[in-house]
>>> print(open('data-v7.cif').read())   # mmCIF, C-alpha atoms
data_work
loop_
_atom_site.group_PDB
_atom_site.id
_atom_site.type_symbol
_atom_site.label_atom_id
_atom_site.label_comp_id
_atom_site.auth_asym_id
_atom_site.auth_seq_id
_atom_site.Cartn_x
_atom_site.Cartn_y
_atom_site.Cartn_z
ATOM 1 C CA MET A 1 -67.905 142.632 38.194
ATOM 2 C CA PRO A 2 -65.899 139.982 40.106
ATOM 3 C CA LYS A 3 -62.286 140.823 40.940
ATOM 4 C CA ILE A 4 -59.796 139.153 38.620
ATOM 5 C CA ARG A 5 -56.676 137.834 40.326
ATOM 6 C CA ALA A 6 -54.649 137.033 37.235
ATOM 7 C CA ALA A 7 -52.466 138.826 34.685
ATOM 8 C CA SER A 8 -55.298 138.870 32.149
ATOM 9 C CA VAL A 9 -58.906 137.832 31.671
ATOM 10 C CA ALA A 10 -57.695 134.831 29.660
ATOM 11 C CA ASP A 11 -55.412 133.777 32.538
ATOM 12 C CA HIS A 12 -58.291 134.221 34.974
ATOM 13 C CA ARG A 13 -60.566 132.020 32.858
ATOM 14 C CA ALA A 14 -57.842 129.370 32.561
ATOM 15 C CA GLN A 15 -57.375 129.385 36.347
ATOM 16 C CA GLN A 16 -61.108 129.076 36.968
ATOM 17 C CA ARG A 17 -61.438 126.249 34.470
ATOM 18 C CA ALA A 18 -58.475 124.415 36.044
ATOM 19 C CA ALA A 19 -60.014 124.867 39.498
ATOM 20 C CA LEU A 20 -63.306 123.352 38.304
ATOM 21 C CA VAL A 21 -61.501 120.352 36.794
ATOM 22 C CA ALA A 22 -59.476 119.899 40.003
ATOM 23 C CA ALA A 23 -62.665 120.008 42.083
ATOM 24 C CA ALA A 24 -64.327 117.399 39.860
ATOM 25 C CA ARG A 25 -61.212 115.202 40.134
ATOM 26 C CA GLU A 26 -61.255 115.487 43.949
ATOM 27 C CA ILE A 27 -64.881 114.367 44.047
ATOM 28 C CA LEU A 28 -64.093 111.435 41.738
ATOM 29 C CA GLU A 29 -61.153 110.431 43.936
ATOM 30 C CA GLU A 30 -63.656 110.140 46.780
ATOM 31 C CA GLY A 31 -65.259 107.395 44.690
ATOM 32 C CA ASP A 32 -68.657 108.694 43.585
ATOM 33 C CA ALA A 33 -68.984 109.977 40.036
ATOM 34 C CA GLY A 34 -72.653 110.714 40.693
ATOM 35 C CA ALA A 35 -71.556 113.337 43.211
ATOM 36 C CA VAL A 36 -69.901 115.356 40.441
ATOM 37 C CA THR A 37 -72.557 117.962 39.817
ATOM 38 C CA PHE A 38 -72.172 121.566 38.779
ATOM 39 C CA ALA A 39 -73.484 122.575 42.203
ATOM 40 C CA ALA A 40 -70.878 120.442 44.023
ATOM 41 C CA VAL A 41 -68.021 121.589 41.815
ATOM 42 C CA ALA A 42 -69.083 125.226 42.151
ATOM 43 C CA ALA A 43 -69.265 124.905 45.933
ATOM 44 C CA ARG A 44 -65.703 123.545 46.084
ATOM 45 C CA THR A 45 -64.354 126.385 43.981
ATOM 46 C CA GLY A 46 -66.402 129.182 45.516
ATOM 47 C CA LEU A 47 -68.190 129.941 42.262
ATOM 48 C CA ALA A 48 -71.895 130.264 41.694
ATOM 49 C CA ARG A 49 -73.423 127.155 40.114
ATOM 50 C CA ASN A 50 -74.479 129.031 36.964
ATOM 51 C CA SER A 51 -70.860 130.254 36.513
ATOM 52 C CA VAL A 52 -69.770 126.685 35.761
ATOM 53 C CA TYR A 53 -71.740 126.883 32.495
ATOM 54 C CA LYS A 54 -69.312 129.576 31.289
ATOM 55 C CA TYR A 55 -66.623 126.894 31.197
ATOM 56 C CA PHE A 56 -68.469 123.633 30.476
ATOM 57 C CA SER A 57 -71.701 123.204 28.580
ATOM 58 C CA ASP A 58 -72.645 120.057 30.497
ATOM 59 C CA ARG A 59 -71.438 117.545 33.043
ATOM 60 C CA GLY A 60 -70.175 115.104 30.405
ATOM 61 C CA GLN A 61 -67.857 117.759 29.003
ATOM 62 C CA LEU A 62 -66.464 118.445 32.494
ATOM 63 C CA LEU A 63 -65.841 114.731 33.157
ATOM 64 C CA ALA A 64 -64.218 114.299 29.733
ATOM 65 C CA GLU A 65 -61.841 117.143 30.622
ATOM 66 C CA VAL A 66 -60.904 115.381 33.872
ATOM 67 C CA VAL A 67 -59.949 112.270 31.860
ATOM 68 C CA ARG A 68 -58.086 114.340 29.235
ATOM 69 C CA GLU A 69 -56.136 116.187 31.948
ATOM 70 C CA ALA A 70 -55.279 113.033 33.911
ATOM 71 C CA THR A 71 -53.957 110.946 31.016
ATOM 72 C CA PRO A 72 -50.666 112.815 30.424
ATOM 73 C CA ARG A 73 -49.975 112.727 34.173
ATOM 74 C CA TRP A 74 -50.494 108.941 34.264
ATOM 75 C CA THR A 75 -48.439 108.392 31.119
ATOM 76 C CA ALA A 76 -45.622 110.611 32.407
ATOM 77 C CA ARG A 77 -45.477 108.620 35.627
ATOM 78 C CA ILE A 78 -45.307 105.347 33.685
ATOM 79 C CA ARG A 79 -42.550 106.709 31.431
ATOM 80 C CA THR A 80 -40.610 107.948 34.478
ATOM 81 C CA GLU A 81 -40.747 104.482 36.047
ATOM 82 C CA MET A 82 -39.600 102.941 32.769
ATOM 83 C CA ALA A 83 -36.780 105.444 32.148
ATOM 84 C CA ASP A 84 -34.211 103.636 34.307
ATOM 85 C CA ALA A 85 -34.802 100.239 32.710
ATOM 86 C CA ARG A 86 -31.688 98.841 31.059
ATOM 87 C CA THR A 87 -33.424 96.135 29.024
ATOM 88 C CA PRO A 88 -36.807 95.785 27.331
ATOM 89 C CA GLU A 89 -37.732 93.132 29.933
ATOM 90 C CA GLU A 90 -37.005 95.632 32.704
ATOM 91 C CA SER A 91 -39.163 98.154 30.824
ATOM 92 C CA VAL A 92 -42.071 95.710 30.857
ATOM 93 C CA ALA A 93 -41.571 95.113 34.595
ATOM 94 C CA ALA A 94 -41.435 98.877 35.242
ATOM 95 C CA TYR A 95 -44.602 99.379 33.189
ATOM 96 C CA VAL A 96 -46.529 96.890 35.325
ATOM 97 C CA ARG A 97 -45.166 98.310 38.593
ATOM 98 C CA ALA A 98 -45.909 101.898 37.532
ATOM 99 C CA GLN A 99 -49.561 101.207 36.832
ATOM 100 C CA LEU A 100 -49.998 99.363 40.105
ATOM 101 C CA LEU A 101 -48.372 102.267 41.941
ATOM 102 C CA LEU A 102 -50.977 104.544 40.336
ATOM 103 C CA VAL A 103 -53.646 102.197 41.679
ATOM 104 C CA ARG A 104 -52.086 102.135 45.144
ATOM 105 C CA ASP A 105 -51.852 105.929 45.183
ATOM 106 C CA GLY A 106 -55.528 106.342 44.317
ATOM 107 C CA GLU A 107 -55.235 107.564 40.735
ATOM 108 C CA HIS A 108 -57.272 104.618 39.483
ATOM 109 C CA ARG A 109 -60.241 105.704 41.599
ATOM 110 C CA ILE A 110 -61.003 108.322 38.954
ATOM 111 C CA ALA A 111 -61.379 105.690 36.231
ATOM 112 C CA GLN A 112 -63.220 103.360 38.587
ATOM 113 C CA ALA A 113 -65.707 106.034 39.609
ATOM 114 C CA LEU A 114 -66.343 106.976 35.983
ATOM 115 C CA ALA A 115 -66.850 103.387 34.786
ATOM 116 C CA GLY A 116 -70.402 103.127 36.074
ATOM 117 C CA ASP A 117 -71.387 106.753 35.596
ATOM 118 C CA ARG A 118 -74.532 107.719 33.728
ATOM 119 C CA ASP A 119 -72.379 109.745 31.310
ATOM 120 C CA ALA A 120 -70.021 106.799 30.702
ATOM 121 C CA ALA A 121 -71.012 106.671 27.022
ATOM 122 C CA VAL A 122 -69.805 110.260 26.606
ATOM 123 C CA LEU A 123 -66.487 109.322 28.219
ATOM 124 C CA ARG A 124 -65.729 106.164 26.217
ATOM 125 C CA GLU A 125 -63.879 107.950 23.413
ATOM 126 C CA GLY A 126 -61.687 109.856 25.866
ATOM 127 C CA ALA A 127 -61.037 106.671 27.833
ATOM 128 C CA ALA A 128 -60.055 104.810 24.651
ATOM 129 C CA GLN A 129 -57.569 107.570 23.798
ATOM 130 C CA ALA A 130 -56.222 107.476 27.368
ATOM 131 C CA HIS A 131 -55.664 103.714 27.201
ATOM 132 C CA ALA A 132 -53.922 104.053 23.839
ATOM 133 C CA GLN A 133 -51.543 106.662 25.280
ATOM 134 C CA ILE A 134 -50.856 104.556 28.367
ATOM 135 C CA LEU A 135 -49.944 101.560 26.171
ATOM 136 C CA GLU A 136 -47.455 103.545 24.037
ATOM 137 C CA PRO A 137 -44.369 103.024 26.252
ATOM 138 C CA LEU A 138 -45.135 99.305 26.589
ATOM 139 C CA ILE A 139 -45.529 98.957 22.829
ATOM 140 C CA ALA A 140 -42.145 100.652 22.385
ATOM 141 C CA ALA A 141 -40.498 98.186 24.810
ATOM 142 C CA LEU A 142 -42.104 95.234 23.040
ATOM 143 C CA THR A 143 -40.946 96.561 19.677
ATOM 144 C CA ASP A 144 -37.398 96.769 21.075
ATOM 145 C CA LEU A 145 -37.747 93.106 22.068
ATOM 146 C CA GLY A 146 -38.523 92.240 18.451
ATOM 147 C CA ASP A 147 -42.191 91.394 19.088
ATOM 148 C CA ASP A 148 -43.916 90.894 15.735
ATOM 149 C CA ALA A 149 -47.302 92.012 17.146
ATOM 150 C CA PRO A 150 -46.481 94.566 19.885
ATOM 151 C CA HIS A 151 -49.947 96.168 19.960
ATOM 152 C CA ARG A 152 -51.632 92.810 20.495
ATOM 153 C CA THR A 153 -49.095 91.745 23.110
ATOM 154 C CA ALA A 154 -49.443 95.078 24.934
ATOM 155 C CA ARG A 155 -53.221 94.655 25.182
ATOM 156 C CA LEU A 156 -52.778 91.113 26.507
ATOM 157 C CA LEU A 157 -50.153 92.186 29.054
ATOM 158 C CA GLN A 158 -52.509 94.936 30.151
ATOM 159 C CA GLY A 159 -54.801 92.082 31.164
ATOM 160 C CA PHE A 160 -52.250 91.127 33.851
ATOM 161 C CA VAL A 161 -52.302 94.718 35.090
ATOM 162 C CA ASN A 162 -56.098 94.837 35.100
ATOM 163 C CA ALA A 163 -56.329 91.582 37.054
ATOM 164 C CA ALA A 164 -53.687 92.788 39.507
ATOM 165 C CA THR A 165 -55.612 96.058 39.903
ATOM 166 C CA THR A 166 -58.752 94.119 40.791
ATOM 167 C CA ALA A 167 -56.785 92.054 43.318
ATOM 168 C CA VAL A 168 -55.265 95.119 44.991
ATOM 169 C CA GLU A 169 -58.603 96.924 45.113
ATOM 170 C CA SER A 170 -60.146 93.806 46.673
ATOM 171 C CA GLY A 171 -57.658 94.005 49.540
ATOM 172 C CA ASP A 172 -54.908 91.618 48.427
ATOM 173 C CA ASP A 173 -51.359 92.488 49.499
ATOM 174 C CA PHE A 174 -49.993 95.188 47.185
ATOM 175 C CA ASP A 175 -46.360 94.026 47.211
ATOM 176 C CA ALA A 176 -47.223 90.355 46.685
ATOM 177 C CA VAL A 177 -49.631 91.122 43.828
ATOM 178 C CA THR A 178 -47.132 93.468 42.189
ATOM 179 C CA ARG A 179 -44.295 90.911 42.363
ATOM 180 C CA ARG A 180 -46.523 88.202 40.877
ATOM 181 C CA ALA A 181 -47.889 90.449 38.111
ATOM 182 C CA VAL A 182 -44.364 91.526 37.170
ATOM 183 C CA ARG A 183 -43.184 87.897 37.052
ATOM 184 C CA LEU A 184 -46.145 86.856 34.911
ATOM 185 C CA ALA A 185 -45.721 89.772 32.490
ATOM 186 C CA THR A 186 -41.956 89.415 32.084
ATOM 187 C CA GLY A 187 -42.254 85.622 31.851
ATOM 188 C CA ALA A 188 -44.834 85.969 29.105
ATOM 189 C CA VAL A 189 -42.658 88.413 27.189
ATOM 190 C CA THR A 190 -39.574 86.218 27.576
ATOM 191 C CA SER A 191 -41.519 83.223 26.242
ATOM 192 C CA LEU A 192 -42.278 85.163 23.045
ATOM 193 C CA ALA A 193 -38.581 85.306 22.259
ATOM 194 C CA GLY A 194 -38.410 81.512 21.974
ATOM 195 C CA PRO A 195 -39.630 79.310 19.086
ATOM 196 C CA GLN A 196 -43.239 79.953 18.105
#
>>> encode(input="data-v7.cif", output="structure tokens")
Amino acid sequence: MPKIRAASVADHRAQQRAALVAAAREILEEGDAGAVTFAAVAARTGLARNSVYKYFSDRGQLLAEVVREATPRWTARIRTEMADARTPEESVAAYVRAQLLLVRDGEHRIAQALAGDRDAAVLREGAAQAHAQILEPLIAALTDLGDDAPHRTARLLQGFVNAATTAVESGDDFDAVTRRAVRLATGAVTSLAGPQ
């Protein structure tokens, strides 16, 4: 029987599961979702390949757990960036900057790698939930601004972020893209306050 280095068997299993998810995330951050196999994840954690099946029934379940685990971290970072905003407009600006910082720091590579994966259909529901959670702080800021359709506006503003993400990933200057995306997003929000 393998030696357990935890307070209990349950703690040991939780540690092993977390290690497998972390290994899958590392592989995704390298940019190739196809490289996330049970053999590769097992090798990174020092487990036997067949041991991975004790924690995940298939590869899709493992990848879905990576997305589920990453979402609160992304959302927390966005909320942290928005916390110092004094006005709803500043909150919108912080929201845009926060997401682009996640892109700059490589967090977006996980989503990018998963987008074209053969198990992408399995991941769509988790990705939809992740996007909904990421939009929550922006929707709150828009509501504070008196937006009569904050969900719709948030999805449209996310379009600025998505376009800026594409620009940054294509090699455009991070600071210049971020400044422009922030100006476009805050300008759009400010224009909603005027006559319709």
>>> residues_around(input="data-v7.cif", residues="Leu157 of chain A", least_positions_apart="2", cutoff="12 Å", atoms="only C-alpha atoms", output="PyMOL selection string")
chain A and resi 92-93+95-96+99+135+138-139+142+150-155+159-164+181-189
>>> write_last_selection(input="data-v7.cif", atoms="C-alpha atoms", output="compact mmCIF listing (two decimals), keeping the file's coordinate frame")
# COMPACT_ATOMS: atom_id res chain seq x y z
CA VAL A 92 -42.07 95.71 30.86
CA ALA A 93 -41.57 95.11 34.60
CA TYR A 95 -44.60 99.38 33.19
CA VAL A 96 -46.53 96.89 35.33
CA GLN A 99 -49.56 101.21 36.83
CA LEU A 135 -49.94 101.56 26.17
CA LEU A 138 -45.14 99.30 26.59
CA ILE A 139 -45.53 98.96 22.83
CA LEU A 142 -42.10 95.23 23.04
CA PRO A 150 -46.48 94.57 19.89
CA HIS A 151 -49.95 96.17 19.96
CA ARG A 152 -51.63 92.81 20.50
CA THR A 153 -49.10 91.74 23.11
CA ALA A 154 -49.44 95.08 24.93
CA ARG A 155 -53.22 94.66 25.18
CA GLY A 159 -54.80 92.08 31.16
CA PHE A 160 -52.25 91.13 33.85
CA VAL A 161 -52.30 94.72 35.09
CA ASN A 162 -56.10 94.84 35.10
CA ALA A 163 -56.33 91.58 37.05
CA ALA A 164 -53.69 92.79 39.51
CA ALA A 181 -47.89 90.45 38.11
CA VAL A 182 -44.36 91.53 37.17
CA ARG A 183 -43.18 87.90 37.05
CA LEU A 184 -46.14 86.86 34.91
CA ALA A 185 -45.72 89.77 32.49
CA THR A 186 -41.96 89.42 32.08
CA GLY A 187 -42.25 85.62 31.85
CA ALA A 188 -44.83 85.97 29.10
CA VAL A 189 -42.66 88.41 27.19
>>> atom_distance(input="data-v7.cif", atom1="atom CA of Ala167 of chain A", atom2="atom CA of Pro72 of chain A")
25.2 Å
>>> closest_residue(input="data-v7.cif", among="A:Asp173, A:Glu107, A:Glu90, A:Glu29", to="Ala70 of chain A", atoms="only C-alpha atoms")
A:Glu107
>>> resolve_selection(input="data-v7.cif", expression="the PyMOL selection byres ((chain A and resi 54) around 12)", output="CSV table (one decimal) with C-alpha atoms, in the frame of the given file")
chain,number,residue,atom,x,y,z
A,13,ARG,CA,-60.6,132.0,32.9
A,14,ALA,CA,-57.8,129.4,32.6
A,16,GLN,CA,-61.1,129.1,37.0
A,17,ARG,CA,-61.4,126.2,34.5
A,20,LEU,CA,-63.3,123.4,38.3
A,38,PHE,CA,-72.2,121.6,38.8
A,42,ALA,CA,-69.1,125.2,42.2
A,47,LEU,CA,-68.2,129.9,42.3
A,48,ALA,CA,-71.9,130.3,41.7
A,49,ARG,CA,-73.4,127.2,40.1
A,50,ASN,CA,-74.5,129.0,37.0
A,51,SER,CA,-70.9,130.3,36.5
A,52,VAL,CA,-69.8,126.7,35.8
A,53,TYR,CA,-71.7,126.9,32.5
A,55,TYR,CA,-66.6,126.9,31.2
A,56,PHE,CA,-68.5,123.6,30.5
A,57,SER,CA,-71.7,123.2,28.6
A,58,ASP,CA,-72.6,120.1,30.5
A,62,LEU,CA,-66.5,118.4,32.5
>>> atom_distance(input="data-v7.cif", atom1="atom CA of Val36 of chain A", atom2="atom CA of Gly60 of chain A")
10.0 Å
>>> atom_distance(input="data-v7.cif", atom1="atom CA of Asp147 of chain A", atom2="atom CA of Gln133 of chain A")
18.9 Å
>>> residues_around(input="data-v7.cif", residues="Val103 of chain A", least_positions_apart="2", cutoff="12 Å", atoms="only C-alpha atoms", output="PyMOL selection string")
chain A and resi 29+74+78+96-101+105-112+161-170+174+177-178
>>> closest_residue(input="data-v7.cif", among="A:Ala35, A:Ile134, A:Ala141, A:Leu63", to="Thr87 of chain A", atoms="only C-alpha atoms")
A:Ala141
>>> closest_residue(input="data-v7.cif", among="A:Arg44, A:His12, A:Arg73, A:Arg179", to="Ile27 of chain A", atoms="all atoms listed in the file")
A:Arg44
>>> closest_residue(input="data-v7.cif", among="A:Leu102, A:Val9, A:Ala43, A:Val67", to="Leu28 of chain A", atoms="only C-alpha atoms")
A:Val67
>>> closest_residue(input="data-v7.cif", among="A:Ala83, A:Asp144, A:Ala94, A:Glu89", to="Ser191 of chain A", atoms="all atoms listed in the file")
A:Glu89
>>> residues_around(input="data-v7.cif", residues="Thr71 of chain A", least_positions_apart="2", cutoff="10 Å", atoms="all atoms listed in the file", output="list in words")
Val66, Val67, Arg68, Glu69, Arg73, Trp74, Thr75, Ala76, Arg77, Gly126, Ala127, Gln129, Ala130, His131, Ala132, Gln133 and Ile134 of chain A
